[in-house]
Amino acid sequence: MKRIALTLAGLLLGAAHGAEAANGLRIGLQEDPDFLDPARARSYVSRIVFASLCDKLIDTTPDLKFVPALALSWTWSPDNKVLTLKLRPGVTFQDGEAFDAEAVKYNLDRYRTLPESLRKSEVASIDHVDVVDPLTVALVLKQPDAALVAQLTDRSGMMMAPKATATGNPAAAPVCSGPYKLTERVAQDRIVLDRFPAYWNAGAYHFDRVTFMPIPDTTVRLANLQSGGLDMIERMAATDVKSAEADAKLQVLSVPGLGFMTLEFNVTGDNAKTPVGQDKRVRQAFDLAIDREALNAAVYEGRYTPGSQPFAPASPYHLDQPVPGRDVEKAKALLKAAGVALPVTVKMTLGNDTNTQQLGQVIQAMTAEAGFDLQLQTTEFATLLSQNGAGNFQTTMVGWSGRVDPDGNIHQFVTCKGGLNDMKYCNPAVDALLNEARAVTDPAARKAKYAAAMKIIQDDKPITYLDFEPRIFGAVKTLKGFVPHPDGMIRLQNVTLDR
Amino acid sequence: MLSFIGRRLLLAIPTLVLVSVFTFSLQKLLPGDPVLTLAGEERSPEVLAMLRHKYHLDDPAPVQYLHWIGGVLHGDLGVSLKTDQPVVQMIGQKLPITIELALLAMAIALLLGIPAGVLAATRKGTAVDLGANVLALSGISVPPFWLGVLMILLFAVKLHWLPASGFAPLLEDPVQNLRTMLMPSLVIGAALSASLMRHTRGAMLAVLRADYIRTARAKGLLAPSVVLKHAFRNALVPIVTLTTLLFGELIGGAVLTEQVFTIPGFGKMIVDAVFTRDYAVVQGVVLCVACAFVLLNLLADVLYVVINPRLRVGA
Amino acid sequence: MTDVALPARAVPRRPRNRALAAFLRNRAAVAGAVVVLVFVAVAVLAPLLAPFDPLKTNFLLIRKAPSAAHWLGTDDLGRDILSRLLFGARASLLAGCISVAIALAIGVPVGLLSGYFGGWIDGVLSRVVEALLSCPFLVLAIALGAFLGPSLGNAMIAIGLSAMPIFARLTRGQVLAVKAEDYIAGARAIGLPDRWIVLRYVLPNALAPIVVQATLAIAGAIIAEASLSFLGLGQQPPAPSWGSMLNTAKNFLDQAPWMSISPGAAIFAAVLGFNLLGDGLRDALDPKEG
C-alpha cells in the first residue's frame, strides 16, 4: 500500500515530462486536419500544417504582397494569358527528387485533372502548362485570370514530389519540399514533423521538430499553453485574451484576419416566400437594426473588426467605406414602406458553437427593437451544410476563412452559378462586374469593379457582412520572431524559442 | 454452463446483424450529405458526383449495406471518408486507449462506490450516510465537460501537478500515460461511483431489512460480519448488471471527457465520424461496441449464476 | 406449515395510510419531497418570481458579478442569471422527469417480460436491448431531431430511449433473482396467474434498484439535455435550461465563475431532492418493511 502511495506521489509530482525533443515546438490546433495532400485538403486547419510541410510557388507577406518562394519571379504576357514562372534552383523534395519545371507541370496538371482534386476551380483558367526550360514554366490560360497568382500562394501552388506522389499515398504520406517533413500522424492526437536538413533555406528554421496537437476546446487549449503542455496555440477565443494577457508567462499575438462573418438571406425558392426573402427593404431594415460595434463589444470584447464588405482591412482591395451605423428609426420606416405586418418573423439557422449562438442571440435582441421576431435554429454542421446547400433556410449565418485575392471572397458567393451561393442570388450586372474583375490585372481598375459590384449587392442585400475575425495566437513569452499573418497561417521562418 | 455460453455466442451473430442494420438505416436517414463535408469549398456537381461514386454513396442503400457487410466478412471494415485510413486500423489504434480509460475509470468507481455504498447502508440515517450520499450525488450533478475543465484549471494550470492533455501511449511512456489518464479517469470514475454507491446502498438495505436477517441478528445468531457478507452477496446482482452496462458504455466512448482531455479514444472518433457523416467509421465502431455489449451481458448472466447458484438464466 | 405457504416478507400490500405514515416518519425523505416541491413550484411560478425578463439582454452588463440588483450576477449577454435559473427549471425538470418516465415505461416492462418468462422472449428482447445499447446516443438523437424536428420534446424522447436499456437490464437481473426465491415457486405452485405473480410479487420485490436508477437517471437526463441543446437538438436559444447555462459558463470558468455556480448548484439540489425522495418512496413501498 505504501509503495502504491509512493508511486502515485511520484506520478503526481514527477518531473516535467521529457519526451519532447529538446529543440521542439508544440502547437495547439483547433481541429484535427483532414487529408495532408494539398489536392484533397479542404480545411482551414490543414493549411496551417502545410505552412511547415509544403512549400508554395509564391508566398504573401502580412500586408498581403506577393513574395518569391519556389518561384523567383512571375510575369504576365501582354495579353494577360500566359504567366511565366522562373523557378528557384537547387531545390529538392524531401525524398531527394529534384524540383524543376517538370515537377511544377506535374503538380498543376494533378490539381487540374485528379478526379478527387478540390483545387479544380482554383486553377480552372489554366489551359495547359508548358515546360520552357528546367527552371522556367509557362502557364497558358484559357482567359485572363487575375486571381491566379494568389491561388499559387495557397494549396494550388504547393509542390509535391512527382514520383512519390504518383506511386505512394500522398494523403497519408505526403512528400513536399517544405522545411519540415511528416514523421508521424495519429488521428485526433498529433502530427509530428521533423526538420528536412536539405531544405534550401534551412538556416532560417530553428526547430528540429514541430508537433501539432488538435485540441478543439478553446479553454483547454489555453490551459495547455498555461500549464506548459504547448508552446503556441492558434485561434485563441477573443474572450480569453484578457486572462492570457494577465499571465506573465504568456504573450498574445493578434492581427485582423481575412476571415469574415455573414448573414445570408434566401432570395429564391420556397423558403424565400417571406417578407425578408421577397423585399429588399425588409433586408435593408434588418441590416440597419444591427449595431456592429455593440455586437463586437458584447460577443468579442471588442477584438473583432466591424465591417460591411468581404475585403479585409489588410487587403489592397479593402473598400474605403464607413461601417454603417445602427438606425432603428430608418429600419422601422423601411418596414412601414414595405407594408409588412409587424413583427416580421424571420427564421435563422446557425451553427452550434458557443460564439455563433451568442452572435445569434445578440442579433435577435437588436432586430427585435426594429420590429423583427428572429427565431434561432441551431444546427450541427453537417446538417447545416446540406440544408443551406439545398436552399432549406430563410436566413443563415455563415463564416468564411478568407482568401488573399478578392475574387475568392466574393465571386463564388454572389454570382448566379457560384458554388457557395446558397441564397441563389442572381443579378447579371453583378456577374458581369465580377467576371470583368477577374480579367483585369491592374489593381486599381480591379478595385473599381469590386466597388461597383458591392454597391449593387449592398442595395439588393442578399448578404450582409458583420465583421472580420482577428487571428489571435497565444504563445509562451520566450517565443520570438513570430509575425501573425492575416491568413492565420503559422510561418516558422526565423521563429525561435529560448528555453 | 459451457453449452449455455456457446449458445449465447452463436446468438451474438443475429445481434450484430441487427445492430449493424439498425445503425446503418439510422445513418442513412440522418440529414446531411457526407460528400458536402468532404468536398469543402469545391462544390461543383462533377466533384460531388465523383466523390459519391468513389465511396459507393451513389448506390442504393441496401447495396451499400451488402457491400459493407461483404467487406466485414473478409475482415475489412472499409475506409474513413475523412482520412482514407482503413477503419480496422483506426479501431486498432483507439481500442487499447478506450479499454485502458474504461478500466481505470471503472476501478476508481468500484473502489469508491462499493465501500461507500456498504458503509452508507450499514449506517443508514446517520451523518455518514448523508455525507456519502451528498458526495456521490455531487459527482453526477455536474457534467463531465464542466468538471473536466475545472480540474484542468486547478491541477494543470494553477498547481502544475498534472498535464492538461498530451496523451502518450501506455507502452511508449507509461508514466506520462498514467499522468494524462488520471484526471479523465477521475472525472468518469466520480460519476460512475455515484451510481454504484447508490445501487450498492439500496441493494444492501433491501437485504438487511429482510426478515430472516433481522431475526437472526436480533437473536444474535449471526455475527455482523456474516450478515454483511450475506447481504453483500445478494446485493451483488444489481451491481453486476450495472457494472457490466457502464463498462460497455465506456467502451462506446466517454465522449465528453475524451473531448475535454483530448484523449484519442472511441468517443472522440465516433463523434467526429457522426458529425462528418463518416459512415464506415460509425459502423465499424458500433460493431465493435456491440461485440463488447454482447460479451459483457453474457458475463453478467454468468456472474448471476455464480453469485446465486439457484438463479436460472434462460436463453 | 404447509409447503406452499408464502413467507410473511412476501406479503405485498400494506394499507396506504401506513405507507404514507412510514414515508412521513422518514425525515430525509420528507426533506427530499420538500426540495422537489419547491423546484416544481419555482418552475410553475417562474414568471411571478423572476426579477427580470430571462431573455432580456443588456450589453452594458456583460458577465457582471453578483450584486444587489442581480443577486446571482449576469451572463455572457448581460441577462439576469437568477431569472434564467428560475425559468430554466422548467426545461431541466421536464427533461429530467419526462425522459426518465419514458425510459421507465419501456424499460421496466421489457425487463419484467424478459426476466420472468425467459426462453425466446428473453432472447428476442435482450437482442433488441443490446442493439439499442450499442447504437450511439448521438446518432439516435440527430436522427430523431431530423424526423421530428429539433425541440425539447424530441430531445426527451432521445434521452429516454437511450436510458431505457439500463432499466431493462436492471429489471431483468432483479427478476431473475426474485424468481429464484421460494415464494415465487410457491405462488406458481398454487396456480396464481403469471400477470398476478409478476405485478404483485415480482415487481415490488425488484423495485429497489429501479427506483435508485430512476432518481439517478434524472441527473443524467438534465445533463444530457445540455449536450443536446448544445448541438441544436434540444432547447433552442435564447430559452434557458440549467444544462445549457452550464454549457456556456464552461467557457468563462476562469473569468466569471458565478455563471457556473448557480446552475450547478441547482442541478445538484434537484438531484439530491429526487434521490432522497426516491429513497423514501422505496422504503415506504417496500413490502419487506414493517
# chains A, B, ... in the order shown; residues from 1 in each chain; ligands from 1
call {"tool": "closest_atom_pairs", "arguments": {"of": "region 29-67 of chain A", "to": "region 317-323 of chain A", "cutoff": "12 Å", "atoms": "only C-alpha atoms", "output": "Markdown table"}}
result
| residue | atom | partner | partner_atom | distance |
| --- | --- | --- | --- | --- |
| A:Asp63 | CA | A:Tyr317 | CA | 11.6 |
| A:Leu64 | CA | A:Tyr317 | CA | 10.3 |
| A:Lys65 | CA | A:Tyr317 | CA | 11.8 |
call {"tool": "select_by_dssp", "arguments": {"residues": "region 219-331 of chain A", "states": "strand (DSSP E or B)", "output": "NGL selection string"}}
result
:A and (232-233 or 250-265 or 305-306)
call {"tool": "write_last_selection", "arguments": {"atoms": "C-alpha atoms", "output": "PDB file, in the first residue's frame"}}
result
ATOM      1  CA  MET A 232       1.837  28.090 -29.028  1.00  0.00           C
ATOM      2  CA  ILE A 233      -1.869  27.995 -29.850  1.00  0.00           C
ATOM      3  CA  LEU A 250       2.345  34.252 -21.999  1.00  0.00           C
ATOM      4  CA  GLN A 251       2.087  36.639 -24.913  1.00  0.00           C
ATOM      5  CA  VAL A 252      -0.845  37.263 -27.207  1.00  0.00           C
ATOM      6  CA  LEU A 253      -0.179  37.999 -30.872  1.00  0.00           C
ATOM      7  CA  SER A 254      -3.060  39.221 -32.933  1.00  0.00           C
ATOM      8  CA  VAL A 255      -3.782  40.690 -36.353  1.00  0.00           C
ATOM      9  CA  PRO A 256      -7.057  41.475 -38.145  1.00  0.00           C
ATOM     10  CA  GLY A 257      -7.677  38.481 -40.352  1.00  0.00           C
ATOM     11  CA  LEU A 258      -9.088  37.781 -43.783  1.00  0.00           C
ATOM     12  CA  GLY A 259     -11.993  35.757 -42.453  1.00  0.00           C
ATOM     13  CA  PHE A 260     -15.424  37.298 -42.055  1.00  0.00           C
ATOM     14  CA  MET A 261     -18.915  36.520 -40.803  1.00  0.00           C
ATOM     15  CA  THR A 262     -22.014  36.969 -42.938  1.00  0.00           C
ATOM     16  CA  LEU A 263     -25.764  36.682 -42.785  1.00  0.00           C
ATOM     17  CA  GLU A 264     -27.212  35.196 -45.946  1.00  0.00           C
ATOM     18  CA  PHE A 265     -30.827  35.659 -46.961  1.00  0.00           C
ATOM     19  CA  THR A 305     -13.141  44.437 -36.662  1.00  0.00           C
ATOM     20  CA  PRO A 306     -16.666  45.508 -37.611  1.00  0.00           C
TER      21      PRO A 306
END
call {"tool": "closest_atom_pairs", "arguments": {"of": "chain A", "to": "chain B", "cutoff": "7 Å", "atoms": "only C-alpha atoms", "output": "Markdown table"}}
result
| residue | atom | partner | partner_atom | distance |
| --- | --- | --- | --- | --- |
| A:Leu11 | CA | B:Arg179 | CA | 6.2 |
| A:Leu12 | CA | B:Trp161 | CA | 5.6 |
| A:Leu13 | CA | B:Trp161 | CA | 5.7 |
| A:His17 | CA | B:Gln176 | CA | 6.6 |
| A:Asp34 | CA | B:Thr83 | CA | 6.0 |
| A:Phe35 | CA | B:Thr83 | CA | 5.6 |
| A:Arg42 | CA | B:Gly40 | CA | 5.1 |
| A:Pro115 | CA | B:Met50 | CA | 6.8 |
| A:Glu116 | CA | B:Leu51 | CA | 6.8 |
| A:Leu118 | CA | B:Glu42 | CA | 5.3 |
| A:Gln188 | CA | B:Pro264 | CA | 5.8 |
| A:Asp189 | CA | B:Pro264 | CA | 5.8 |
| A:Ile215 | CA | B:Thr262 | CA | 6.1 |
| A:Asp217 | CA | B:Val260 | CA | 6.7 |
| A:Val220 | CA | B:Val149 | CA | 6.8 |
| A:Ala223 | CA | B:Val157 | CA | 6.0 |
| A:Asn224 | CA | B:Ala164 | CA | 5.3 |
| A:Gln226 | CA | B:Val157 | CA | 5.8 |
| A:Ser227 | CA | B:Val157 | CA | 4.6 |
| A:Gly229 | CA | B:Pro163 | CA | 6.5 |
| A:Phe381 | CA | B:Phe275 | CA | 7.0 |
| A:Ala382 | CA | B:Gly32 | CA | 5.0 |
| A:Thr383 | CA | B:Gly32 | CA | 4.3 |
| A:Leu385 | CA | B:Gly32 | CA | 6.9 |
| A:Ser386 | CA | B:Gly32 | CA | 5.0 |
| A:Gly419 | CA | B:Arg43 | CA | 5.6 |
call {"tool": "atom_distance", "arguments": {"atom1": "CA of Pro144 (chain B)", "atom2": "CA of Val100 (chain C)"}}
result
19.9 Å
call {"tool": "closest_atom_pairs", "arguments": {"of": "chain C", "to": "chain B", "cutoff": "6 Å", "atoms": "only C-alpha atoms", "output": "CSV"}}
result
residue,atom,partner,partner_atom,distance
C:Gly118,CA,B:Gly314,CA,4.9
C:Gly119,CA,B:Ala315,CA,5.1
C:Gly123,CA,B:Ala315,CA,5.6
C:Arg127,CA,B:Thr15,CA,5.4
C:Ala131,CA,B:Val19,CA,4.7
C:Ser134,CA,B:Ala290,CA,4.9
C:Ala143,CA,B:Leu30,CA,5.1
C:Ala180,CA,B:Leu311,CA,5.4
C:Ala219,CA,B:Ser141,CA,6.0
C:Ile223,CA,B:Pro143,CA,5.9
C:Lys250,CA,B:Trp146,CA,5.8
C:Ile267,CA,B:Ser141,CA,5.8
C:Phe268,CA,B:Ser141,CA,4.9
call {"tool": "interface_residues", "arguments": {"of": "chain C", "to": "chain A", "cutoff": "6 Å", "atoms": "only C-alpha atoms", "output": "list in words"}}
result
Phe59, Leu231 and Gly232 of chain C
call {"tool": "write_last_selection", "arguments": {"atoms": "N, CA and C atoms", "output": "compact mmCIF listing (two decimals), in the first residue's frame"}}
result
# COMPACT_ATOMS: atom_id res chain seq x y z
N PHE C 59 -26.21 44.85 -23.02
CA PHE C 59 -24.82 44.76 -23.41
C PHE C 59 -23.89 45.60 -22.54
N LEU C 231 -25.93 20.93 -29.24
CA LEU C 231 -25.87 20.51 -30.63
C LEU C 231 -27.03 21.07 -31.44
N GLY C 232 -27.89 21.84 -30.79
CA GLY C 232 -29.02 22.40 -31.51
C GLY C 232 -30.16 21.41 -31.60
call {"tool": "closest_residue", "arguments": {"among": "A:Thr415, A:Thr395, A:Thr345, A:Thr165", "to": "Ala453 (chain A)", "atoms": "only C-alpha atoms"}}
result
A:Thr415
call {"tool": "residues_around", "arguments": {"residues": "Ala89 (chain C)", "least_positions_apart": "6", "cutoff": "7 Å", "atoms": "only C-alpha atoms", "output": "list in words"}}
result
Ala43, Ser241 and Trp242 of chain C
call {"tool": "write_last_selection", "arguments": {"atoms": "C-alpha atoms", "output": "compact mmCIF listing (two decimals), in the first residue's frame"}}
result
# COMPACT_ATOMS: atom_id res chain seq x y z
CA ALA C 43 -40.80 26.16 -12.40
CA SER C 241 -32.10 25.44 -19.30
CA TRP C 242 -29.70 24.68 -16.46
call {"tool": "residues_around", "arguments": {"residues": "Met245 (chain C)", "least_positions_apart": "4", "cutoff": "9 Å", "atoms": "only C-alpha atoms", "output": "number ranges by chain"}}
result
C: 75, 81, 84-85, 88, 226, 240-241, 249-250, 259-260, 263
call {"tool": "residues_around", "arguments": {"residues": "Ala202 (chain A)", "least_positions_apart": "6", "cutoff": "9 Å", "atoms": "only C-alpha atoms", "output": "list in words"}}
result
Pro179, Arg195 and Phe196 of chain A
call {"tool": "residues_around", "arguments": {"residues": "region 110-112 of chain C", "least_positions_apart": "6", "cutoff": "6 Å", "atoms": "only C-alpha atoms", "output": "list in words"}}
result
Ala168, Thr171 and Arg172 of chain C
call {"tool": "write_last_selection", "arguments": {"atoms": "N, CA and C atoms", "output": "compact mmCIF listing (two decimals), in the first residue's frame"}}
result
# COMPACT_ATOMS: atom_id res chain seq x y z
N ALA C 168 -34.11 -1.85 -18.48
CA ALA C 168 -34.49 -3.20 -18.89
C ALA C 168 -33.53 -4.22 -18.29
N THR C 171 -33.97 -4.41 -14.38
CA THR C 171 -35.19 -5.10 -14.01
C THR C 171 -35.04 -6.60 -14.25
N ARG C 172 -34.49 -6.93 -15.40
CA ARG C 172 -34.33 -8.34 -15.75
C ARG C 172 -33.46 -9.04 -14.71
call {"tool": "select_by_dssp", "arguments": {"residues": "region 246-489 of chain A", "states": "helix (DSSP H, G or I)", "output": "MDAnalysis selection string"}}
result
chainID A and resid 246 270:272 275:278 280:288 292:300 328:338 354:368 381:389 407:414 428:439 443:460
call {"tool": "residues_around", "arguments": {"residues": "region 85-101 of chain A", "least_positions_apart": "4", "cutoff": "10 Å", "atoms": "only C-alpha atoms", "output": "PDB file with C-alpha atoms, in the first residue's frame"}}
result
ATOM      1  CA  LEU A  53       5.240  20.888 -44.616  1.00  0.00           C
ATOM      2  CA  CYS A  54       4.820  22.047 -48.201  1.00  0.00           C
ATOM      3  CA  ASP A  55       6.454  24.965 -49.978  1.00  0.00           C
ATOM      4  CA  LEU A  57       5.412  28.687 -55.562  1.00  0.00           C
ATOM      5  CA  ILE A  58       4.679  32.160 -54.208  1.00  0.00           C
ATOM      6  CA  PRO A  68       9.066  34.719 -54.104  1.00  0.00           C
ATOM      7  CA  ALA A  69       9.052  31.228 -52.671  1.00  0.00           C
ATOM      8  CA  LEU A  70       9.720  28.318 -55.039  1.00  0.00           C
ATOM      9  CA  ALA A  71       9.163  30.706 -57.923  1.00  0.00           C
ATOM     10  CA  LEU A  72      11.654  33.569 -58.032  1.00  0.00           C
ATOM     11  CA  SER A  73       9.586  35.665 -60.399  1.00  0.00           C
ATOM     12  CA  TRP A  74       6.263  35.637 -62.256  1.00  0.00           C
ATOM     13  CA  THR A  75       5.442  37.756 -65.273  1.00  0.00           C
ATOM     14  CA  TRP A  76       2.296  38.175 -67.342  1.00  0.00           C
ATOM     15  CA  LYS A 105       3.799  20.922 -64.554  1.00  0.00           C
ATOM     16  CA  TYR A 106       3.109  17.602 -62.817  1.00  0.00           C
ATOM     17  CA  ASN A 107       1.582  19.282 -59.793  1.00  0.00           C
ATOM     18  CA  VAL A 129       1.363  24.113 -68.679  1.00  0.00           C
ATOM     19  CA  ASP A 130       4.488  24.408 -70.862  1.00  0.00           C
ATOM     20  CA  VAL A 131       7.947  23.481 -69.647  1.00  0.00           C
ATOM     21  CA  VAL A 132      10.143  26.151 -71.235  1.00  0.00           C
ATOM     22  CA  ASP A 133      13.419  25.047 -69.694  1.00  0.00           C
ATOM     23  CA  PRO A 134      14.265  23.169 -66.446  1.00  0.00           C
ATOM     24  CA  LEU A 135      13.779  26.325 -64.418  1.00  0.00           C
ATOM     25  CA  THR A 136      11.119  28.118 -66.443  1.00  0.00           C
ATOM     26  CA  VAL A 137       7.492  27.165 -66.764  1.00  0.00           C
ATOM     27  CA  ALA A 138       4.684  28.880 -68.650  1.00  0.00           C
ATOM     28  CA  LEU A 139       1.061  28.674 -67.558  1.00  0.00           C
ATOM     29  CA  MET A 159       4.531  21.417 -54.871  1.00  0.00           C
ATOM     30  CA  MET A 160       4.748  17.692 -54.120  1.00  0.00           C
ATOM     31  CA  ALA A 161       7.445  15.270 -55.216  1.00  0.00           C
ATOM     32  CA  PRO A 162       6.122  13.846 -58.518  1.00  0.00           C
ATOM     33  CA  LYS A 163       7.488  10.297 -58.214  1.00  0.00           C
ATOM     34  CA  ALA A 164       6.488   9.747 -54.601  1.00  0.00           C
ATOM     35  CA  PRO A 174       2.869  13.484 -48.418  1.00  0.00           C
ATOM     36  CA  VAL A 175       6.324  14.294 -49.804  1.00  0.00           C
ATOM     37  CA  CYS A 176       6.775  18.021 -50.350  1.00  0.00           C
ATOM     38  CA  SER A 177       9.716  20.391 -50.325  1.00  0.00           C
ATOM     39  CA  GLY A 178       8.930  22.354 -47.151  1.00  0.00           C
ATOM     40  CA  PRO A 179      11.238  22.943 -44.170  1.00  0.00           C
ATOM     41  CA  TYR A 180       9.674  20.059 -42.208  1.00  0.00           C
ATOM     42  CA  LYS A 181       8.728  16.562 -43.289  1.00  0.00           C
ATOM     43  CA  LEU A 182       5.988  14.337 -41.926  1.00  0.00           C
ATOM     44  CA  ARG A 195      13.415  19.044 -39.826  1.00  0.00           C
ATOM     45  CA  PHE A 196      14.228  18.448 -43.514  1.00  0.00           C
ATOM     46  CA  PRO A 197      18.004  19.041 -43.384  1.00  0.00           C
ATOM     47  CA  ALA A 198      18.434  19.625 -47.125  1.00  0.00           C
ATOM     48  CA  TYR A 199      15.855  22.418 -47.204  1.00  0.00           C
ATOM     49  CA  TRP A 200      17.003  25.287 -49.402  1.00  0.00           C
ATOM     50  CA  ASN A 201      16.524  27.806 -46.603  1.00  0.00           C
TER      51      ASN A 201
END
